[in-house]
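Trainee: First the structure, which I've put down as structure tokens, then a few questions once you've had a look.
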Amino acid sequence: MTRKIDILDTTLRDGEQSPGCSMSPQEKTIVARELIRLGVDVIEAGFPVSSPNDFRAVSEVGSIAGDKAIVAAFSRAIEKDIDCAAEALKTAARPRIITGIGVSPTHMSDKLHMSEDEVVECTTKAVAHAKSLVDDVEFYAEDAGRADADFLVRVVQAAVDAGATVINIPDTTGFCLPEEYGALIAAVAECVKGIDDVKLAVHAHNDLGLATALALAGVRSGATQVECTINGLGERAGNTALEEIVMAIRMHGDELDAHTDIVTSELTRASRLVSRITGMSVQANKAIVGANAFAHSSGIHQDGVLKSRSTYEIIDPAEVGASGSDIILSARSGHAALRHRLQELGYTFEDQEFEGIYERFLEIADQKKEVYDEDLESIVQEFQRDVSAIYTLKALQIQCGDPLVPTAVATIIDENGETHVVSTTGTGPVDAAYKAIDKVVGIESDLQEFAVKAITRGIDAIGEVTVRITAQDGRVYNGRGADNDIIVSSAKAYINAVNRMIEASRARG
Ligand code: MN
């Protein structure tokens with residue numbers, strides 16, 4: 001049997017640090033359920049001390065994970081961070097505190113203003129304190145990729161001596177070459193006493209497009225935990241993509257003496273879900289989960305694949321769940337069929353909540369005859385978004401055409417249940433609708449990006465709109481909306497982004 005490599009997914013912590021990708025506690029639990037279906041070993045659910053919402057998210061993920069996954073919370077090597085992480089993890093059956101400190105020259109002198117001795121002392125204190133609160137403690141040596149190897153060994157030794165159960169050697173800035181990084185991991189594996197009794201982890205960033213190569217180099221050098229995110233989401237250019245590292249290990253398990261327990265047929269669904277929730281689209285040529293990952297267009301390639309798939313395709317699309325969804329439901333499907341299918345997709349609802357979803361399902365099913373899994377996911381997320389929203393779009397009427405002045409009449413309900421009816425004109429139907437929303441909300445923001453996409457095939461497909469807005473303080477928010485009518489989708493997406501902007505500013509107080 002090859003070595004089991006643990007997959008720590010940090011989509012909910014490092015991933016949501018991507019600009020515009022922050023997730024509400026409710027959205028995090030939706031993603032966490034999918035991570036459980038994927039079979040990840042550890043869910044890093046958030047950074048509890050950073051905000052009340054993140055604290056709640058960690059607690060909620062802890063309560064749904066049960067014994068199916070370890071739930072981890074991030075902290076700095078500061079007592080109040082660690083206490084807060086432990087508190088948030090009280091709901092978890094298998095809690096892990098992640099704590100750590102910068103170990104590169106620039107982190108120590110420019111950021112921390114600490115000497116090497118002080119960093120070692122701080123490490124010992126933080127790990128020992130975390131260890132007094134939970135059994136499972138992961139220590140990260142931040143910016144290890146640019147650290148002095150001898151000093152790194154010294155810090156890691158302190159963490160191991162203080163009781164760390166996992167040691168993470170991150171290339172925080174995505175600076176290393178794979179062989180350099182591998183050598184660093186090997187040095188720690190060789191020189192630290194007692195390292196055989198702890199798990200060695202790799203955490204890489206994609207600043208040079210090497211995140212997956214770095215993680216693989218680490219696995220070759222003895223790492224048995226890889227930290228990664230769905231779609232490679234994360235700070236700056238992102239983290240190692242879960243789908244890439246998992247499939248690379250799967251294709252080369254013998255050479256690497258490694259395997260993971262990931263259910264690969266869930267990879268495509270997980271990718272789409274995270275993209276939909278964060279509003280961050282996946283590039284078409286993205287490995288494993290991109291729209292073109294299994295598309296062949298040149299004549300020579302098509303001819304080859306028709307003769308034998310293996311000529312130009314190393315992965316069977318079915319292996320990663322990319323073979324397309326089947327038609328499953330229609331307007332004639334009853335309550336039981338819908339409830340059953342939603343359960344299979346991992347969603348369960350109270351009766352009252354389910355009624356709302358069923359009604360929305362019927363509307364969609366009336367308009368388009370075939371309802372796909374992707375449509376259902378979109379209905380559920382739309383519904384859940386509406387429930388917690390500050391502003392909701394009740395109705396939208398648009399007049400446009402040539403030669404007409406585009407005019408929107410929007411009915412918007414605020415969180416107090418008050419109805420606002422506004423009418424505006426614009427340069428086009430979307431502009432008119434957005435100006436109507438602005439009138440009600442009364443907060444300025446700047447529209448940066450606007451994209452329309454069909455969720456499923458066919459001209460009657462639900463049109464999904466993604467927008468990106470910048471608030472006056474420069475923070476970025478994504479929003480998403482789905483409807484058969486793309487102008488309605490556009491308005492919903494904009495309201496969604498505005499709601500996130502308001503929620504975030506309230507959460508900051
Ligand atoms: Mn990171």
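Each chain of the structure tokens is named A, B, ... in the order shown, its residues numbered from 1; ligands are numbered from 1 in display order.
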Taking the DSSP assignment computed from this structure's backbone, write out as a list in words all residues of region 6-111 of chain A that belong to strand (DSSP E or B).

Mentor: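 DSSP on the backbone gives strand (DSSP E or B) at Asp6, Ile7, Leu8, Asp9, Gly20, Val42, Ile43, Glu44, Ala45, Gly46, Ile70, Val71, Ala72, Ala73, Phe74, Pro95, Arg96, Ile97, Ile98, Thr99, Gly100, Ile101 and Gly102 of chain A.
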
Trainee: May I have the residues within 12 Å of ligand 1, computed using only C-alpha atoms and all ligand atoms, as a tab-separated table (two decimals) with N, CA, C and O atoms, in the first residue's frame?

Mentor:
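See pocket34.tsv below for the written result:
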```
chain	number	residue	atom	x	y	z
A	9	ASP	N	-8.21	20.98	2.97
A	9	ASP	CA	-8.77	21.98	2.07
A	9	ASP	C	-8.89	23.31	2.81
A	9	ASP	O	-9.48	23.39	3.89
A	10	THR	N	-8.33	24.36	2.22
A	10	THR	CA	-8.38	25.68	2.86
A	10	THR	C	-9.14	26.71	2.01
A	10	THR	O	-8.93	27.90	2.12
A	11	THR	N	-10.07	26.19	1.19
A	11	THR	CA	-10.93	27.08	0.40
A	11	THR	C	-11.65	28.09	1.31
A	11	THR	O	-11.82	29.25	0.96
A	12	LEU	N	-12.04	27.63	2.50
A	12	LEU	CA	-12.83	28.48	3.40
A	12	LEU	C	-11.96	29.44	4.21
A	12	LEU	O	-12.48	30.29	4.92
A	13	ARG	N	-10.64	29.32	4.12
A	13	ARG	CA	-9.76	30.25	4.84
A	13	ARG	C	-8.84	30.97	3.84
A	13	ARG	O	-9.06	32.12	3.51
A	14	ASP	N	-7.84	30.28	3.31
A	14	ASP	CA	-6.96	30.94	2.35
A	14	ASP	C	-7.75	31.31	1.08
A	14	ASP	O	-7.57	32.39	0.52
A	15	GLY	N	-8.64	30.41	0.65
A	15	GLY	CA	-9.42	30.65	-0.57
A	15	GLY	C	-10.25	31.90	-0.48
A	15	GLY	O	-10.29	32.71	-1.39
A	16	GLU	N	-10.92	32.06	0.65
A	16	GLU	CA	-11.81	33.22	0.75
A	16	GLU	C	-11.04	34.52	0.97
A	16	GLU	O	-11.64	35.59	0.97
A	17	GLN	N	-9.72	34.42	1.12
A	17	GLN	CA	-8.92	35.64	1.19
A	17	GLN	C	-8.69	36.25	-0.20
A	17	GLN	O	-8.11	37.32	-0.32
A	18	SER	N	-9.13	35.57	-1.26
A	18	SER	CA	-9.08	36.18	-2.60
A	18	SER	C	-10.00	37.39	-2.60
A	18	SER	O	-11.10	37.32	-2.07
A	44	GLU	N	-10.15	23.39	6.70
A	44	GLU	CA	-9.74	24.60	7.40
A	44	GLU	C	-10.86	25.61	7.18
A	44	GLU	O	-11.07	26.10	6.07
A	74	PHE	N	-7.71	28.71	11.98
A	74	PHE	CA	-6.44	29.40	11.83
A	74	PHE	C	-6.23	30.43	12.94
A	74	PHE	O	-7.18	31.03	13.44
A	100	GLY	N	0.93	29.74	14.00
A	100	GLY	CA	2.28	29.83	13.45
A	100	GLY	C	2.78	31.25	13.39
A	100	GLY	O	2.08	32.20	13.76
A	140	TYR	N	2.52	26.30	11.56
A	140	TYR	CA	3.02	26.71	10.24
A	140	TYR	C	4.17	27.68	10.41
A	140	TYR	O	4.12	28.60	11.23
A	141	ALA	N	5.21	27.46	9.64
A	141	ALA	CA	6.37	28.35	9.65
A	141	ALA	C	6.20	29.28	8.45
A	141	ALA	O	6.64	28.98	7.33
A	142	GLU	N	5.54	30.42	8.68
A	142	GLU	CA	5.15	31.29	7.56
A	142	GLU	C	6.37	31.75	6.77
A	142	GLU	O	7.41	32.09	7.32
A	143	ASP	N	6.19	31.76	5.44
A	143	ASP	CA	7.25	32.15	4.50
A	143	ASP	C	8.49	31.27	4.62
A	143	ASP	O	9.62	31.72	4.36
A	144	ALA	N	8.28	30.00	4.96
A	144	ALA	CA	9.40	29.06	5.07
A	144	ALA	C	10.18	28.97	3.77
A	144	ALA	O	11.40	28.73	3.77
A	145	GLY	N	9.49	29.17	2.64
A	145	GLY	CA	10.14	29.10	1.34
A	145	GLY	C	11.33	30.04	1.20
A	145	GLY	O	12.24	29.78	0.43
A	168	ASN	N	3.62	22.40	9.18
A	168	ASN	CA	3.40	22.88	7.82
A	168	ASN	C	4.55	23.80	7.42
A	168	ASN	O	4.88	24.74	8.13
A	169	ILE	N	5.15	23.48	6.27
A	169	ILE	CA	6.27	24.27	5.74
A	169	ILE	C	5.79	25.01	4.50
A	169	ILE	O	5.94	24.51	3.38
A	170	PRO	N	5.15	26.15	4.64
A	170	PRO	CA	4.55	26.80	3.47
A	170	PRO	C	5.53	27.61	2.63
A	170	PRO	O	6.46	28.22	3.17
A	171	ASP	N	5.28	27.61	1.32
A	171	ASP	CA	5.94	28.60	0.47
A	171	ASP	C	4.90	29.71	0.29
A	171	ASP	O	4.22	29.78	-0.74
A	172	THR	N	4.79	30.55	1.30
A	172	THR	CA	3.73	31.55	1.41
A	172	THR	C	3.68	32.50	0.22
A	172	THR	O	2.61	32.98	-0.16
A	173	THR	N	4.82	32.78	-0.37
A	173	THR	CA	4.86	33.76	-1.45
A	173	THR	C	4.99	33.12	-2.83
A	173	THR	O	5.13	33.83	-3.82
A	174	GLY	N	4.97	31.79	-2.90
A	174	GLY	CA	5.08	31.12	-4.20
A	174	GLY	C	6.39	31.42	-4.90
A	174	GLY	O	6.45	31.57	-6.12
A	202	VAL	N	2.66	20.41	3.27
A	202	VAL	CA	3.09	21.41	2.30
A	202	VAL	C	1.92	22.32	1.95
A	202	VAL	O	0.78	21.89	1.90
A	203	HIS	N	2.25	23.59	1.74
A	203	HIS	CA	1.25	24.62	1.45
A	203	HIS	C	1.93	25.58	0.48
A	203	HIS	O	2.88	26.26	0.85
A	204	ALA	N	1.48	25.58	-0.77
A	204	ALA	CA	2.20	26.37	-1.78
A	204	ALA	C	1.29	27.37	-2.45
A	204	ALA	O	0.07	27.19	-2.50
A	205	HIS	N	1.89	28.42	-2.98
A	205	HIS	CA	1.13	29.43	-3.72
A	205	HIS	C	1.59	29.48	-5.17
A	205	HIS	O	2.67	29.04	-5.53
A	206	ASN	N	0.71	30.06	-6.00
A	206	ASN	CA	0.86	29.91	-7.44
A	206	ASN	C	1.44	31.13	-8.14
A	206	ASN	O	1.22	31.33	-9.33
A	207	ASP	N	2.22	31.93	-7.43
A	207	ASP	CA	2.71	33.18	-8.01
A	207	ASP	C	3.54	32.97	-9.27
A	207	ASP	O	3.59	33.84	-10.14
A	211	ALA	N	2.37	26.12	-8.17
A	211	ALA	CA	1.81	25.63	-6.90
A	211	ALA	C	1.64	24.11	-6.85
A	211	ALA	O	1.95	23.48	-5.83
A	226	VAL	N	-1.18	17.65	2.13
A	226	VAL	CA	-1.11	18.73	1.16
A	226	VAL	C	-2.24	19.70	1.45
A	226	VAL	O	-3.39	19.30	1.65
A	227	GLU	N	-1.92	20.99	1.50
A	227	GLU	CA	-2.93	22.01	1.72
A	227	GLU	C	-3.28	22.64	0.39
A	227	GLU	O	-2.39	23.04	-0.38
A	228	CYS	N	-4.56	22.71	0.10
A	228	CYS	CA	-4.97	23.15	-1.24
A	228	CYS	C	-6.38	23.71	-1.20
A	228	CYS	O	-7.04	23.68	-0.17
A	229	THR	N	-6.82	24.24	-2.34
A	229	THR	CA	-8.17	24.82	-2.43
A	229	THR	C	-8.84	24.39	-3.72
A	229	THR	O	-8.17	24.08	-4.71
A	232	GLY	N	-8.05	26.23	-7.02
A	232	GLY	CA	-6.81	26.97	-6.75
A	232	GLY	C	-7.07	28.38	-6.23
A	232	GLY	O	-6.20	29.24	-6.32
A	233	LEU	N	-8.25	28.59	-5.67
A	233	LEU	CA	-8.59	29.90	-5.10
A	233	LEU	C	-7.57	30.25	-4.01
A	233	LEU	O	-7.01	29.36	-3.39
A	234	GLY	N	-7.35	31.52	-3.76
A	234	GLY	CA	-6.47	31.89	-2.65
A	234	GLY	C	-5.82	33.24	-2.86
A	234	GLY	O	-5.97	33.86	-3.91
A	235	GLU	N	-5.08	33.66	-1.85
A	235	GLU	CA	-4.37	34.94	-1.91
A	235	GLU	C	-3.64	35.10	-3.25
A	235	GLU	O	-3.02	34.16	-3.74
A	236	ARG	N	-3.67	36.28	-3.81
A	236	ARG	CA	-2.98	36.64	-5.07
A	236	ARG	C	-3.29	35.62	-6.19
A	236	ARG	O	-4.43	35.48	-6.60
A	237	ALA	N	-2.27	34.91	-6.65
A	237	ALA	CA	-2.46	33.96	-7.76
A	237	ALA	C	-3.04	32.63	-7.27
A	237	ALA	O	-3.24	31.71	-8.04
A	238	GLY	N	-3.29	32.53	-5.97
A	238	GLY	CA	-3.97	31.36	-5.44
A	238	GLY	C	-3.06	30.29	-4.87
A	238	GLY	O	-1.84	30.44	-4.84
A	239	ASN	N	-3.71	29.21	-4.42
A	239	ASN	CA	-3.02	28.07	-3.78
A	239	ASN	C	-2.92	26.90	-4.76
A	239	ASN	O	-3.46	26.97	-5.86
A	240	THR	N	-2.29	25.84	-4.33
A	240	THR	CA	-2.32	24.59	-5.08
A	240	THR	C	-3.79	24.20	-5.26
A	240	THR	O	-4.56	24.24	-4.31
```

Trainee: Please indicate the distance in Å from CA of Ser445 (chain A) to CA of Thr470 (chain A), rounded to one decimal place.

Mentor: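 For CA of Ser445 (chain A) relative to CA of Thr470 (chain A), the distance reads 5.6 Å.
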
Trainee: Would you mind telling me which residue in A:Leu177, A:Lys435, A:Val166, A:Val134 lies nearest to Leu208 (chain A) when using only C-alpha atoms?

Mentor: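 For Leu208 (chain A), the nearest of the candidates is A:Leu177.
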
Trainee: Using only C-alpha atoms, find the one residue out of A:Ala217, A:Val153, A:Ala77, A:Ile195 that sits nearest to Thr165 (chain A).

Mentor: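 Nearest candidate to Thr165 (chain A) out of A:Ala217, A:Val153, A:Ala77, A:Ile195: A:Ile195.
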
Trainee: Kindly provide the residues of region 28-122 of chain A that approach region 368-377 of chain A to within 12 Å, each paired with its closest atom pair and their distance in Å to one decimal, based on only C-alpha atoms, listed by chain and increasing number, as CSV.

Mentor:
```
residue,atom,partner,partner_atom,distance
A:Ile30,CA,A:Glu377,CA,10.6
A:Val31,CA,A:Glu377,CA,11.9
A:Glu34,CA,A:Glu377,CA,11.9
```

Trainee: Write a file of the just-selected residues containing C-alpha atoms, as a PDB file, in the first residue's frame.

Mentor:
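Okay, part38.pdb is ready:
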```pdb
ATOM      1  CA  ILE A  30     -22.742  24.703   1.805  1.00  0.00           C
ATOM      2  CA  VAL A  31     -19.138  24.380   0.624  1.00  0.00           C
ATOM      3  CA  GLU A  34     -19.431  19.367  -0.547  1.00  0.00           C
TER       4      GLU A  34
END
```

Trainee: Residues of region 177-251 of chain A in helix (DSSP H, G or I) according to DSSP, as a PyMOL selection string?

Mentor: chain A and resi 178-191+195-197+211-220+230-232+242-251

Trainee: Can you work out the spacing between CA of Asp161 (chain A) and CA of Arg96 (chain A) in Å, to one decimal?

Mentor: 17.6 Å

Trainee: Please provide the set of residues having any atom within 6 Å of Thr407 (chain A), restricted to only C-alpha atoms, with same-chain residues fewer than 5 positions apart removed, written as an NGL selection string.

Mentor: :A and (398-399 or 424-425 or 432)

Trainee: Find the residue from A:Cys122, A:Gly20, A:Glu319, A:Val282 that sits nearest to Asn478 (chain A); use only C-alpha atoms when measuring.

Mentor: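 Result for the nearest residue to Asn478 (chain A): A:Gly20.
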
Trainee: Mind giving me the straight-line distance from CA of Ala482 (chain A) to CA of Ile379 (chain A) in Å, one decimal?

Mentor: 8.0 Å

Trainee: Quick one: residues within 12 Å of Gly442 (chain A), only C-alpha atoms counted, chain neighbours fewer than 4 positions away excluded, as a ChimeraX atom specification?

Mentor: /A:391,434-438,498,502

Trainee: With distances taken over only C-alpha atoms, which residue among A:Val127, A:Val476, A:Ala45, A:Val289 lies nearest Arg269 (chain A)?

Mentor: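 Comparing A:Val127, A:Val476, A:Ala45, A:Val289 against Arg269 (chain A), the winner is A:Val289.
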
Trainee: Between A:Ala451, A:Ile390, A:Val320, A:Leu306, which has the minimum distance to Leu38 (chain A) (counting only C-alpha atoms)?

Mentor: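 Among A:Ala451, A:Ile390, A:Val320, A:Leu306, it is A:Val320 that comes nearest to Leu38 (chain A).
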